[in-house]
Amino acid sequence: MENKRPRILCLHGFRNSAEILKKLVDRWPLIVRQKLDLVFLDAPFSAQPKSNHDPPSYEWFQGNEDYSEYWNFEECLNYLENYMIEHGPFDGFLGFSQGAVLAAAVPGMQKDGVCLNKVPKLKFLILISGAKFGGKMLTGLPKLAANAFSSPLHCPSLHFIGETDIVKEEGIDLAEAFVNPVLIHHLEGHTVPILDGENLEKMVGFIERIKQ
């Protein structure tokens, strides 16, 4: 990857869409976006119930109210793998909200050989407003992700932590599951934040690191 841009599959948030995430990421400075080959994908399931966003809107996986039980999780992983086989290879994932929850579990699941076995292992993750399966909000563990965080994850990771984000504490817990995570703290809430100043430098530094 020395001279080529890292190819990143971007996973949007809960009851969101690829188009919504792209609009948020497009606010980032050109110096960041021109270093990355970003591909935005809609999740496989229509939002239930219908979301407040302009249709269409999608979900990666579904569950009961406190996510102690899940459904459509294995189907989601199969959908991701098929897309990556057809349109890849991809070097890493960028995930926001539910997309970050899903992306964060993949390195551990790949290590255990329970998902995405037909595509290369992820080289890095960029996680925005993420949380961990089996945490305070997503209380249960999907069967395939039962051991996803059972040992420290050595996948290079960049974590965006919002000061007023409803999942701030969850995001910190998630970062602690990774070895040497890079953290970007920002003042915004549950969103893809504007990048400037020191945080822009951290982002550019992380990109240079994953290109090596």
# chains A, B, ... in the order shown; residues from 1 in each chain; ligands from 1
$ residues_around --residues "Leu200 of chain A" --least-positions-apart "2" --cutoff "10 Å" --atoms "only C-alpha atoms" --output "ChimeraX atom specification"
/A:28-29,31-32,184,194-198,202-206
$ write_last_selection --atoms "N, CA, C and O atoms" --output "mmCIF file, in the first residue's frame"
data_model
loop_
_atom_site.group_PDB
_atom_site.id
_atom_site.type_symbol
_atom_site.label_atom_id
_atom_site.label_comp_id
_atom_site.auth_asym_id
_atom_site.auth_seq_id
_atom_site.Cartn_x
_atom_site.Cartn_y
_atom_site.Cartn_z
ATOM 1 N N TRP A 28 -15.003 16.541 5.731
ATOM 2 C CA TRP A 28 -13.596 16.475 6.117
ATOM 3 C C TRP A 28 -12.732 17.193 5.071
ATOM 4 O O TRP A 28 -13.071 17.204 3.877
ATOM 5 N N PRO A 29 -11.597 17.748 5.498
ATOM 6 C CA PRO A 29 -10.725 18.455 4.557
ATOM 7 C C PRO A 29 -10.244 17.541 3.424
ATOM 8 O O PRO A 29 -10.072 16.335 3.611
ATOM 9 N N ILE A 31 -7.394 17.264 2.258
ATOM 10 C CA ILE A 31 -6.104 16.632 2.562
ATOM 11 C C ILE A 31 -6.291 15.232 3.154
ATOM 12 O O ILE A 31 -5.442 14.357 3.004
ATOM 13 N N VAL A 32 -7.434 14.999 3.809
ATOM 14 C CA VAL A 32 -7.749 13.671 4.329
ATOM 15 C C VAL A 32 -8.402 12.817 3.255
ATOM 16 O O VAL A 32 -7.980 11.685 2.980
ATOM 17 N N ILE A 184 -9.297 10.264 18.991
ATOM 18 C CA ILE A 184 -9.587 11.650 18.632
ATOM 19 C C ILE A 184 -10.777 12.091 19.480
ATOM 20 O O ILE A 184 -11.888 11.580 19.315
ATOM 21 N N ILE A 194 -16.405 17.488 12.449
ATOM 22 C CA ILE A 194 -15.493 18.259 11.615
ATOM 23 C C ILE A 194 -14.061 17.958 12.075
ATOM 24 O O ILE A 194 -13.809 17.763 13.261
ATOM 25 N N LEU A 195 -13.134 17.911 11.144
ATOM 26 C CA LEU A 195 -11.724 17.657 11.475
ATOM 27 C C LEU A 195 -10.917 18.932 11.283
ATOM 28 O O LEU A 195 -10.891 19.499 10.193
ATOM 29 N N ASP A 196 -10.258 19.381 12.369
ATOM 30 C CA ASP A 196 -9.363 20.526 12.237
ATOM 31 C C ASP A 196 -8.317 20.474 13.342
ATOM 32 O O ASP A 196 -8.374 19.620 14.240
ATOM 33 N N GLY A 197 -7.350 21.359 13.258
ATOM 34 C CA GLY A 197 -6.333 21.488 14.298
ATOM 35 C C GLY A 197 -5.606 20.191 14.604
ATOM 36 O O GLY A 197 -5.199 19.445 13.703
ATOM 37 N N GLU A 198 -5.465 19.933 15.909
ATOM 38 C CA GLU A 198 -4.723 18.756 16.362
ATOM 39 C C GLU A 198 -5.381 17.458 15.901
ATOM 40 O O GLU A 198 -4.700 16.478 15.576
ATOM 41 N N LYS A 202 -3.810 14.305 13.845
ATOM 42 C CA LYS A 202 -3.885 12.909 14.289
ATOM 43 C C LYS A 202 -4.429 12.014 13.183
ATOM 44 O O LYS A 202 -3.946 10.899 12.977
ATOM 45 N N MET A 203 -5.453 12.506 12.478
ATOM 46 C CA MET A 203 -6.055 11.730 11.393
ATOM 47 C C MET A 203 -5.043 11.488 10.282
ATOM 48 O O MET A 203 -4.880 10.361 9.792
ATOM 49 N N VAL A 204 -4.353 12.532 9.873
ATOM 50 C CA VAL A 204 -3.352 12.416 8.807
ATOM 51 C C VAL A 204 -2.227 11.479 9.251
ATOM 52 O O VAL A 204 -1.755 10.630 8.480
ATOM 53 N N GLY A 205 -1.830 11.584 10.512
ATOM 54 C CA GLY A 205 -0.785 10.715 11.033
ATOM 55 C C GLY A 205 -1.198 9.252 11.014
ATOM 56 O O GLY A 205 -0.390 8.367 10.681
ATOM 57 N N PHE A 206 -2.457 8.991 11.359
ATOM 58 C CA PHE A 206 -2.950 7.610 11.339
ATOM 59 C C PHE A 206 -2.958 7.066 9.910
ATOM 60 O O PHE A 206 -2.574 5.920 9.665
#
$ residues_around --residues "Asn147 of chain A" --least-positions-apart "2" --cutoff "8 Å" --atoms "only C-alpha atoms" --output "PyMOL selection string"
chain A and resi 108-109+112+144-145+149-150
$ atom_distance --atom1 "atom CA of Phe45 of chain A" --atom2 "atom CA of Leu138 of chain A"
18.7 Å
$ closest_atom_pairs --of "segment 31-87 of chain A" --to "segment 113-127 of chain A" --cutoff "10 Å" --atoms "only C-alpha atoms" --output "JSON lines"
{"residue": "A:Glu74", "atom": "CA", "partner": "A:Cys115", "partner_atom": "CA", "distance": 8.5}
{"residue": "A:Leu77", "atom": "CA", "partner": "A:Cys115", "partner_atom": "CA", "distance": 6.8}
{"residue": "A:Asn78", "atom": "CA", "partner": "A:Leu116", "partner_atom": "CA", "distance": 7.6}
{"residue": "A:Tyr79", "atom": "CA", "partner": "A:Leu116", "partner_atom": "CA", "distance": 9.9}
{"residue": "A:Leu80", "atom": "CA", "partner": "A:Leu116", "partner_atom": "CA", "distance": 8.0}
{"residue": "A:Glu81", "atom": "CA", "partner": "A:Leu116", "partner_atom": "CA", "distance": 5.5}
{"residue": "A:Asn82", "atom": "CA", "partner": "A:Lys118", "partner_atom": "CA", "distance": 8.9}
{"residue": "A:Met84", "atom": "CA", "partner": "A:Val119", "partner_atom": "CA", "distance": 7.0}
{"residue": "A:Ile85", "atom": "CA", "partner": "A:Val119", "partner_atom": "CA", "distance": 6.5}
$ write_last_selection --atoms "all heavy atoms" --output "short mmCIF file (atom, residue, chain, number, x, y, z; two decimals), in the first residue's frame"
data_model
loop_
_atom_site.label_atom_id
_atom_site.label_comp_id
_atom_site.auth_asym_id
_atom_site.auth_seq_id
_atom_site.Cartn_x
_atom_site.Cartn_y
_atom_site.Cartn_z
N GLU A 74 -25.75 -13.02 11.14
CA GLU A 74 -24.98 -13.86 10.21
C GLU A 74 -25.27 -13.47 8.76
O GLU A 74 -24.36 -13.42 7.92
CB GLU A 74 -25.30 -15.34 10.43
CG GLU A 74 -24.45 -16.28 9.60
CD GLU A 74 -24.62 -17.74 9.97
OE1 GLU A 74 -25.36 -18.04 10.94
OE2 GLU A 74 -24.01 -18.58 9.29
N LEU A 77 -23.20 -10.46 7.87
CA LEU A 77 -21.79 -10.79 7.61
C LEU A 77 -21.62 -11.44 6.24
O LEU A 77 -20.65 -11.17 5.52
CB LEU A 77 -21.25 -11.70 8.71
CG LEU A 77 -21.13 -11.05 10.09
CD1 LEU A 77 -20.79 -12.10 11.14
CD2 LEU A 77 -20.08 -9.94 10.09
N ASN A 78 -22.57 -12.28 5.86
CA ASN A 78 -22.51 -12.90 4.53
C ASN A 78 -22.66 -11.84 3.44
O ASN A 78 -21.97 -11.89 2.40
CB ASN A 78 -23.61 -13.95 4.39
CG ASN A 78 -23.36 -15.18 5.25
OD1 ASN A 78 -22.22 -15.46 5.62
ND2 ASN A 78 -24.41 -15.90 5.59
N TYR A 79 -23.55 -10.89 3.68
CA TYR A 79 -23.75 -9.78 2.74
C TYR A 79 -22.47 -8.97 2.58
O TYR A 79 -22.05 -8.65 1.45
CB TYR A 79 -24.90 -8.91 3.26
CG TYR A 79 -25.09 -7.58 2.59
CD1 TYR A 79 -25.79 -7.48 1.38
CD2 TYR A 79 -24.62 -6.40 3.18
CE1 TYR A 79 -26.00 -6.23 0.78
CE2 TYR A 79 -24.83 -5.17 2.59
CZ TYR A 79 -25.51 -5.09 1.39
OH TYR A 79 -25.72 -3.85 0.80
N LEU A 80 -21.82 -8.66 3.70
CA LEU A 80 -20.55 -7.91 3.67
C LEU A 80 -19.48 -8.68 2.90
O LEU A 80 -18.79 -8.13 2.05
CB LEU A 80 -20.06 -7.67 5.10
CG LEU A 80 -20.39 -6.37 5.80
CD1 LEU A 80 -19.71 -6.34 7.17
CD2 LEU A 80 -20.00 -5.16 4.98
N GLU A 81 -19.35 -9.97 3.23
CA GLU A 81 -18.32 -10.78 2.59
C GLU A 81 -18.53 -10.87 1.08
O GLU A 81 -17.58 -10.70 0.30
CB GLU A 81 -18.28 -12.17 3.20
CG GLU A 81 -17.15 -13.03 2.63
CD GLU A 81 -16.92 -14.29 3.44
OE1 GLU A 81 -17.88 -15.10 3.55
OE2 GLU A 81 -15.82 -14.48 3.96
N ASN A 82 -19.76 -11.08 0.66
CA ASN A 82 -20.05 -11.17 -0.77
C ASN A 82 -19.72 -9.86 -1.48
O ASN A 82 -19.18 -9.86 -2.59
CB ASN A 82 -21.52 -11.55 -1.00
CG ASN A 82 -21.81 -12.99 -0.62
OD1 ASN A 82 -20.92 -13.83 -0.63
ND2 ASN A 82 -23.05 -13.28 -0.25
N MET A 84 -17.50 -7.65 -0.49
CA MET A 84 -16.04 -7.48 -0.48
C MET A 84 -15.37 -8.38 -1.51
O MET A 84 -14.36 -8.00 -2.11
CB MET A 84 -15.51 -7.76 0.92
CG MET A 84 -15.96 -6.73 1.94
SD MET A 84 -15.57 -7.18 3.65
CE MET A 84 -13.82 -6.76 3.72
N ILE A 85 -15.91 -9.57 -1.73
CA ILE A 85 -15.37 -10.46 -2.76
C ILE A 85 -15.57 -9.84 -4.14
O ILE A 85 -14.66 -9.82 -4.99
CB ILE A 85 -16.05 -11.84 -2.69
CG1 ILE A 85 -15.62 -12.59 -1.42
CG2 ILE A 85 -15.73 -12.67 -3.94
CD1 ILE A 85 -16.44 -13.84 -1.14
#
$ closest_residue --among "A:Ser129, A:Gln34, A:Asn16, A:Ser157" --to "Phe178 of chain A" --atoms "only C-alpha atoms"
A:Ser157
$ closest_residue --among "A:Gly162, A:Gly130, A:Pro152, A:Pro142" --to "Leu94 of chain A" --atoms "only C-alpha atoms"
A:Gly130
$ select_by_dssp --residues "segment 13-144 of chain A" --states "alpha helix (DSSP H)" --output "PyMOL selection string"
chain A and resi 18-25+30-33+73-87+98-112
$ closest_residue --among "A:Ala148, A:Ile8, A:Leu158, A:Ile20" --to "Ile128 of chain A" --atoms "only C-alpha atoms"
A:Leu158
$ closest_residue --among "A:Met137, A:Ile207, A:Leu11, A:Val192" --to "Val167 of chain A" --atoms "only C-alpha atoms"
A:Met137
